[in-house]
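Here's the structure we're looking at; comments come further down.
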Amino acid sequence: MRLNTNVKVKLLVTLTFCLSGCIMKPSGGKKNNKQKSAEATQQLEPATAVDQDTIGMPPATTPTPGNTQPTMVPPAELVGLSSRADLRFKPQDIMAEDIADVLDLPTNEICIESGGKSCQEVHLIALAGVNPYDGGATDPITESMVTTPIAWERIILSACAQRVDLDLDAPASGKIFTNLSIDSNGKLRDLNSVEVSTSIDTLYRRAIKRPASAAEIKAIKGFYEDVSKSTQNNAAKEWARLSCYAVLSSLEFVFY
Amino acid sequence: MNKHKKISRRTALQGLAATSLITSTSGLPIMTSTASGQTGAAAKKPKFLIVIGCSGGASILDAMLAMKESEVKAAGGDPATLNSFPDSTVQELSGSPFRAVDVQTTIANLGNQPVSGNQSAFVKKHFRDMMVVQMENTSVNHNVAQQRSVNGNDAWSGRTLMDCVADTYGKNMAIANMNMGSGGFGIPGTDADLNEFARQISVTSPLFFPFSLHSSKGLAQAVDPDLLAKARNLRYSNLDQATNFYKTFQDSKAIKRWLNDREKTMAQYESMDLINKLYFVEGSAQGLTRNPESDMLVQKFPNYQFDPLEAEAILGYLAITSGISCSVTFGPSFQAVVGAKGLGEILNPPIGFDFSHTDHRGVQALMWTRTLSVVDRLIDLLKSKEFDSTTGESYWDRTLVYFATDFGRDKVRASGATQFGTGHHLNNANLIISPMANGNKVIGGLDRKTGLTYGFDKVTGDAKPGTVMREDIMFSGVLQALGVDTSVANLPDVPAMRKKS
């Protein structure tokens, strides 16, 4: 069967898009601009059969730093595997700046190893830094080393501890865990308070640049139950620190 | 309803263990730990390789094959213009082919710093285990030559010596291949088929490296390990897997590698408490306890806080004797090292052995003495540490030290000069020390008329004038002396380099 030129072109274009990882929507013929606009609008709105666990919270009424626009999360059924998942973990300079920005800490103070050196310096090569003069390492690693995630853990645990201390010890100038009501034993008075949910959401908006989902808020609040059972004192502080750690060491923050 | 069933961390770890991706990333099979760094079922009884990367070009003519001026003259050469020494300064050892030169001089370009060379004590002590093997390298580029000195110029699919030894003996070791080398000595091998457990772990700071093995010990604030485990479970199950980000990019190799190392390898390192097995620095920190041998080690290597070579020797010793590593690489680098007295005491000149460009004799004397001194102390420690109580073997009995270097140096000098500079020269020979080597032997020959070394019969070790041996021969001989099966790579058999049974 011989194909006319138009069909050949369409097949070629479709094939090209398929090979590049995209799928062309089947076309029911030419659309006018009004139809195209209606389709686009339809895709932005949540589908009727939604996964409540993955729909983001409504945008905060007060814009948070770096996020002045509401962020919409596509429904689960529209999320597919990337065929070109070419991700990088943040190298040490970007990582340190990001953590410092999220937690509002000086970059060179986010983590100090025993002995006084910054963690970024101590774990330089594992964090994709270079050391041409002292160690002859002129090129950064292109794949993470086995010790790279460990270095990340150390830096984030240290940085989160500092931010949580600042927030809970001086609530008036807090950045993330703000206005939490804490009793004399260091426990949260009301896990279901707006302030707790807002703190978690603020952490997400600062770090991941999107709202926390309902499921994420629920999970992190559920984590508090574990902490308060295990800790006699300062459960709120431990929970805040380890929640901060869990979010900042999650894949979504580490990779780009 | 969420279509994607959430997987607990426990199930995920079991799943990760079942996939072939475990071997394609830098992790280890899940194992239980023993008191030592070794894990799991009975492993092949290990042998140990220590590669000393002598950065810049360690000339054998300024050490074990030093030439007397009278010998050069007798051979028809010109002792005034060849790198030879006054007869009285070349020490010989009865019953051994090795020489030693205890040069007393100054290095003009280091502010006339005095040098008191001492090789003779080392040679007298270790000659039975020493072997000098002829090699003519194939590159005058430092980085390339350094790499070739440890990978045999691509003799085995890009594997380094260290990769091969780790692959043979390191299956159940946490860090089978620990590399503290610099420049070309520190570049990983390139064989994609090498088992993951054998790939090198690069160490840039021996003092701080233990901190790379634990997520929280040593930090200012302690972390409850149980709570940390719960936080990790929260992260993995709820904050990673449930996100659209993960759903979209879960096939990423980078993410799979990361998860393997974060969820499995890190947990393993922490459960084995590697941080405290390798921590030796004086002073205290939260959660840290120094290795029980630390006091003895810092006494043996008192300059460890400012001399990386001494710190590396300590870490290498601990890695081997804790069952963590079977292959350790370190050595004097291009980095200048200043002693406790400040600039008047340069322990390691800038560019190491390569400072011979400006003052050959003094620099070679300084660097050989420095390197031999550290290795001497390390050998002492390995000799005194029992490896196997049933056989009475010490760790030294199963160790081979290979002095890798870029190349040799020029054989000529301005007539009669005692202070002169030298360039790179491919022709050289390398020192190997091991009870498993063909000890107290020079494998190959030396033409005292020209200062050029020449090759040997690979089986008998007899010198063969007119021949030279390349990096692949050295590579094969070292591996075979360590009992590594090289037949799979069709490497030449070099029985001349291993101890006669």
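The chains in the structure tokens are called A, B, ... from first to last as shown; in each chain the residues are counted from 1, and the ligands are counted from 1 in the order shown.
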
Name all residues at most 9 Å from region 333-349 of chain B (count only C-alpha atoms; drop same-chain ones fewer than 3 positions away) and give them as an MDAnalysis selection string.
(chainID A and resid 133:136) or (chainID B and resid 53:56 110:111 113:114 181:183 303 306:309 330 352:355 363 366:367 370)

Can you write just those residues out, C-alpha atoms, as a compact mmCIF listing (two decimals), in the first residue's frame?
# COMPACT_ATOMS: atom_id res chain seq x y z
CA TYR A 133 46.74 21.21 43.86
CA ASP A 134 46.78 19.02 46.93
CA GLY A 135 45.36 15.75 45.68
CA GLY A 136 45.69 15.95 41.92
CA GLY B 53 53.03 5.87 44.73
CA CYS B 54 56.37 7.65 44.54
CA SER B 55 55.20 10.73 42.70
CA GLY B 56 57.64 12.42 40.37
CA LEU B 110 64.94 24.90 49.35
CA GLY B 111 67.03 27.53 51.04
CA GLN B 113 68.10 22.85 53.44
CA PRO B 114 70.44 20.12 54.69
CA GLY B 181 47.09 7.90 46.14
CA SER B 182 47.32 11.13 44.22
CA GLY B 183 47.63 11.99 40.57
CA ASN B 303 54.21 13.68 62.46
CA PHE B 306 50.89 17.51 59.44
CA ASP B 307 52.56 14.85 57.30
CA PRO B 308 49.98 13.12 55.10
CA LEU B 309 52.39 10.27 54.37
CA PHE B 330 49.33 5.82 49.29
CA GLY B 352 57.95 15.38 45.28
CA PHE B 353 60.61 13.35 43.50
CA ASP B 354 60.15 15.58 40.46
CA PHE B 355 61.87 18.45 42.30
CA VAL B 363 65.90 15.58 46.34
CA LEU B 366 65.49 13.33 50.79
CA MET B 367 62.57 11.53 49.15
CA ARG B 370 61.50 9.81 53.73

Tell me as a ChimeraX atom specification which residues belonging to chain B come within 6 Å of chain A, counting only C-alpha atoms.
/B:1-2,26,182-183,212,215-216,235,240,248-249,252,261-262,335

Could you take the residues named above and write them with C-alpha atoms, as a PDB file, in the first residue's frame?
ATOM      1  CA  MET B   1      -6.828   5.418  45.961  1.00  0.00           C
ATOM      2  CA  ASN B   2      -3.078   5.235  45.583  1.00  0.00           C
ATOM      3  CA  SER B  26      28.967   0.571  44.548  1.00  0.00           C
ATOM      4  CA  SER B 182      47.317  11.133  44.223  1.00  0.00           C
ATOM      5  CA  GLY B 183      47.629  11.986  40.565  1.00  0.00           C
ATOM      6  CA  SER B 212      32.866   9.286  55.684  1.00  0.00           C
ATOM      7  CA  SER B 215      26.212   9.532  59.163  1.00  0.00           C
ATOM      8  CA  SER B 216      26.270  11.034  62.633  1.00  0.00           C
ATOM      9  CA  ARG B 235      12.013   9.165  54.174  1.00  0.00           C
ATOM     10  CA  ASP B 240      10.761   9.269  48.380  1.00  0.00           C
ATOM     11  CA  THR B 248       9.025   9.653  37.094  1.00  0.00           C
ATOM     12  CA  PHE B 249      12.729   9.071  37.632  1.00  0.00           C
ATOM     13  CA  SER B 252      17.571   6.627  36.771  1.00  0.00           C
ATOM     14  CA  ASP B 261      24.526   3.123  48.859  1.00  0.00           C
ATOM     15  CA  ARG B 262      22.216   5.049  51.165  1.00  0.00           C
ATOM     16  CA  GLN B 335      52.087  18.446  47.676  1.00  0.00           C
TER      17      GLN B 335
END

May I ask which of the residues B:Ser96, B:Thr405, B:Thr160, B:Gln364 is the closest one to Gly57 (chain B), counting only C-alpha atoms?
B:Thr405

Show which residues sit within 7 Å of His142 (chain B), as an MDAnalysis selection string. Count only C-alpha atoms, and ignore same-chain residues fewer than 3 positions away.
chainID B and resid 56 145:146 406

Can you tell me, as number ranges by chain, what residues are no more than 12 Å from Gly76 (chain B) when counting only C-alpha atoms, ignoring any on the same chain fewer than 4 positions away?
B: 69-72, 82, 447-451
